[in-house]
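Engineer: Here you go, one structure.
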Amino acid sequence: MSLWVSAIGQGLLYGILGIGLFVTFRILDFPDMTVEGTFPFGAAVAVAAITHGVSPLLASVLAMFAGMLAGLCTGLLATKGHMPLLIAGILTMTALYSINLRVMGRANLSLLNQPNLFAAKFLAAMPDYLSSVVVGLIVVTVVIILLILFLNTEIGQGFIAAGDNRTMARSLGINPDNMQILGLVVGNGLIGLSGGLVAQNNGYADVSMGTGVIVIGLAAIIIGEVMFGNLTLSERLIAVVLGSIVYRFVIQIVLMLGFNADDLKLVSAVVLALAIIVPQIDERLHLRRTLRNGVK
Amino acid sequence: MGTTQLKLTDVNVKVMAGHDVKTLLSEVNLDIHEGDFATIIGTNGAGKSTLFNAIGGDLPVTGGTIELAGERIEKQTPEKRARHIARVFQDPKMGTAPRMTVAENLALAMHRGERLGLKSRALRQKMDHFLEVTKQTPNGLDEALNKPTSELSGGQRQALSLLMATMRQPDLLMLDEHTAALDPHTSKAIMDLTNQIVADNKLTCLMITHQMDDALKFGNRLIVVDAGHVVADYDAAAKQQLNNADLLNYFA
């Protein structure tokens with residue numbers, strides 16, 4: 001039981017990563033490789049801050065700011081440096097590897113005997129595996145509400161429009177480059193926050209914890225879309241979090257089948273590939289219709 | 001005849017094509033008065049769209065000046081100029097955000113050229129207004145307010161683009177073959193809507209078209225562009241003497 005509950009907790013914490021990636025991948029419409037550097041950057045900043053005596057809450061906020069800074073860097077490279085976003089993201093991601101080592105002073109920094117957000121006083125009465133669910137739920141709720149409010153402001157609408165149609169946005173006086181930077185800042189801020197929370201939940205930050213993390217985020221987004229189909233933008237944010245939880249369940253099942261942690265990157269790649277491919281097969285063979293109507 | 005609204009003085013646009021300099025517009029002089037509705041014709045590659053790109057800011061001018069409502073604009077960014085210049089494109093997909101609803105698109109257009117803030121877009125309060133403006137369209141846009149624009153027909157999208165372009169009165173409306181991608185029936189409906197909107201709001205308007213009938217029928221001026229030059233500029237009286245055959249001579 002506790003295994004499944006903690007899978008929900010992990011799903012919620014990684015769900016924030018999914019939402020952050022959703023901002024760039026689905027609203028602005030490009031895959032942002034910065035993620036793989038931002039996630040450990042947030043983790044490194046949070047853990048380093050806590051070991052230097054900063055409160056876990058403030059450390060989590062710092063992790064978010066760190067992520068925003070990384071997003072700003074990619075955004076400036078792409079727009080002012082006139083390079084493809086894929087390249088800009090890869091540059092920031094690569095640079096962050098060194099920066100993360102600097103921030104932590106070593107490849108792996110533990111929170112052993114240090115406070116963290118999941119050991120906060122009001123959570124003390126709960127078993128450990130439940131605290132990640134409570135913290136995850138609180139943060140996810142706040143993040144989704146704030147993001148929905150933002151997307152419904154004038155500037156939020158301009159941001160969506162710029163992702164939808166650059167030409168149209170420009171003709172309405174919206175600078176798509178600025179919107180791109182804004183999206184990268186917001187998205188990577190959330191991803192840094194997610195990294196900071198996951199690190200506190202795991203009890204350490206590791207310089208390699210970003211590897212493959214973009215696949216986890218994409219899996220959350222796409223599983224959510226496959227499961228729930230056509231939704232409004234606000235509902236889709238919730239679907240991403242649910243997709244992230246389902247992804248954790250799948251991983252849990254795979255582990256129970258006898259795979260070990262070393263296999264997880266392979267498994268996550270296969271899960272994402274299946275989540276993308278299966279709906280296409282479904283569409284081509286009309287599986288759903290056939291199942292509903294019976295084979296004639 | 002009103003005061004000058006748009007004035008192009010010796011406008012040149014040159015671009016590098018490989019190692020050669022290619023002249024797209026050469027010494028273009030234009031004086032468009034307030035309330036003028038000028039149709040623009042010319043062969044493919046004559047420089048009609050380049051003219052719009054130069055005025056709109058998508059292409060930098062390499063010489064000359066552009067004045068709009070008394071203000072020099074040739075150095076302004078396209079985003080800055082968008083406050084005063086509205087444009088409808090040939091491709092219906094270019095003027096609207098496909099995943100946003102018709103109402104959301106219209107709401108954005110209400111703020112064209114403004115600095116967007118953290119105020120709520122207050123969509124619900126605007127719906128009555130949107131219903132009213134979409135009612136005048138010929139193709140049922142008023143019933144599609146909550147549909148994403150990707151589900152609209154080409155004609156509906158162009159009607160929406162027109163409404164968006166004129167939601168806030170622009171100093172200049174530029175129509176870039178905006179009915180060329182539509183079937184004849186829809187094309188006529190959109191052209192009639194265009195004429196009505198331009199007349200109702202007394203807009204200053206430039207319209208590129210390959211339909212000689214439309215070029216003659218609409219507006220009070222006719223401008224012919226060829227090889228980067230303005231080769232003819234007919235005023236209302238001269239335009240009335242023209243017929244299709246006269247115009248086709250320019251394409252010979």
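The way I read the labels, and the way they are meant: chains A, B, ... in the order of the structure tokens, residue 1 as the first residue of every chain, and ligand 1 as the first ligand shown, with later ones counted on from there.
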Could you write out, as number ranges by chain, all the residues of segment 49-229 of chain A that DSSP marks as alpha helix (DSSP H)?
Structural biologist: A: 49-51, 56-79, 85-104, 128-151, 154-164, 166-171, 176-202, 213-228
Engineer: With only C-alpha atoms as the counted atoms, please give the residues lying no more than 7 Å from segment 163-175 of chain A, apart from itself and same-chain residues fewer than 4 positions off, as JSON, numbers by chain.
Structural biologist: {"A": [27, 28, 29, 158, 159, 179], "B": [78, 79, 80, 82, 83, 86, 87, 94, 95, 96, 97, 98, 99, 109, 112, 113]}
Engineer: Can you list, as a PDB file with C-alpha atoms, in the first residue's frame, every protein, DNA or RNA residue that comes within 10 Å of Leu151 of chain A when you count only C-alpha atoms, leaving out same-chain residues fewer than 3 positions away?
Structural biologist:
ATOM      1  CA  ILE A 145      -4.422  27.827  -9.899  1.00  0.00           C
ATOM      2  CA  LEU A 146      -1.707  30.431 -10.451  1.00  0.00           C
ATOM      3  CA  LEU A 147      -0.999  29.179 -13.968  1.00  0.00           C
ATOM      4  CA  ILE A 148      -4.690  29.211 -14.932  1.00  0.00           C
ATOM      5  CA  GLU A 154      -4.207  39.693 -21.178  1.00  0.00           C
ATOM      6  CA  ILE A 155      -0.536  38.815 -21.261  1.00  0.00           C
ATOM      7  CA  GLY A 156      -1.314  35.110 -20.741  1.00  0.00           C
ATOM      8  CA  GLN A 157      -3.607  35.208 -23.763  1.00  0.00           C
ATOM      9  CA  GLY A 158      -0.928  36.985 -25.767  1.00  0.00           C
ATOM     10  CA  PHE A 159       1.455  34.248 -24.706  1.00  0.00           C
ATOM     11  CA  ILE A 160      -0.904  31.495 -25.935  1.00  0.00           C
ATOM     12  CA  LEU A 233      -6.524  24.243 -21.426  1.00  0.00           C
ATOM     13  CA  SER A 234      -7.163  24.370 -17.668  1.00  0.00           C
TER      14      SER A 234
ATOM     15  CA  LEU B 118      -1.759  41.107 -15.774  1.00  0.00           C
ATOM     16  CA  SER B 120      -7.924  39.460 -16.440  1.00  0.00           C
ATOM     17  CA  ARG B 121      -9.009  39.315 -20.075  1.00  0.00           C
TER      18      ARG B 121
END
Engineer: For Gly212 of chain A, find every residue with an atom within 7 Å (counting only C-alpha atoms), except residues of its own chain fewer than 3 positions away, and show them as a ChimeraX atom specification.
Structural biologist: /A:36,215-216,265
Engineer: Considering only C-alpha atoms, can you say which of A:Ile19, A:Val254, A:Ala120, A:Leu86 comes closest to Leu57 of chain A?
Structural biologist: A:Ala120
Engineer: Do a neighbour search on Arg26 of chain A at 9 Å with only C-alpha atoms, toss out local chain neighbours closer than 4 positions, and write the hits as a PyMOL selection string.
Structural biologist: chain A and resi 21-22+30-31+163+221
Engineer: Let me see the file: selected residues, C-alpha atoms, as a compact mmCIF listing (two decimals), in the first residue's frame.
Structural biologist:
# COMPACT_ATOMS: atom_id res chain seq x y z
CA LEU A 21 7.21 21.18 -19.76
CA PHE A 22 3.60 21.58 -20.92
CA PHE A 30 8.67 23.12 -29.06
CA PRO A 31 10.62 20.55 -27.00
CA GLY A 163 2.64 29.95 -29.39
CA ILE A 221 1.75 15.11 -20.81
Engineer: Near Pro279 of chain A, counting only C-alpha atoms, which residues have an atom at most 12 Å away, once you skip same-chain residues fewer than 6 positions from it, shown as a list in words?
Structural biologist: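 Close residues of Pro279 of chain A: Ile222, Ile223, Glu225, Val226, Met227, Gly229, Leu272, Ala273, Leu285, His286, Leu287 and Arg288 of chain A.
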Engineer: Using only C-alpha atoms, which of A:Ser244, A:Asn260, A:Thr34, A:Asn152 sits nearest Gly18 of chain A?
Structural biologist: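 For Gly18 of chain A, the nearest of the candidates is A:Ser244.
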Engineer: For a quick check of understanding, using only C-alpha atoms, which of B:Thr166, B:Gln5, B:Thr23, B:Thr134 has the smallest distance to Gly63 of chain B?
Structural biologist: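 Among the listed residues, B:Thr23 lies closest to Gly63 of chain B.
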Engineer: Going by DSSP on the backbone, which bits of segment 2-177 of chain A are strand (DSSP E or B)? Write them as a PyMOL selection string, please.
Structural biologist: chain A and resi 108-110+153
Engineer: Pick out the closest residue to Leu72 of chain A from this set: A:Thr153, A:Ser2, A:Asn178, A:Thr51. Count only C-alpha atoms.
Structural biologist: A:Asn178
Engineer: Any idea what's packed within 12 Å of Lys135 of chain B, counting only C-alpha atoms, ignoring anything in its chain fewer than 6 positions away? Could you give it as an MDAnalysis selection string?
Structural biologist: chainID B and resid 128:129 141:145 159:160 163 193
Engineer: For atom CA of Leu131 of chain B and atom CA of His178 of chain B, determine how far apart the two atoms are, in Å to one decimal place.
Structural biologist: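 Distance between the two atoms: 23.2 Å.
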Engineer: When you draw a straight line from atom CA of Ile85 of chain B to atom CA of Glu114 of chain B, how long is it in Å?
Structural biologist: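 That distance, rounded to one decimal, is 12.7 Å.
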Engineer: Using only C-alpha atoms, which of B:Ile40, B:Val133, B:Met110, B:Leu173 sits nearest Arg81 of chain B?
Structural biologist: B:Leu173
Engineer: Would you work out the distance separating atom CA of Gly187 of chain A from atom CA of Arg248 of chain A, expressed in Å to one decimal?
Structural biologist: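 We find that atom CA of Gly187 of chain A and atom CA of Arg248 of chain A lie 21.5 Å from each other.
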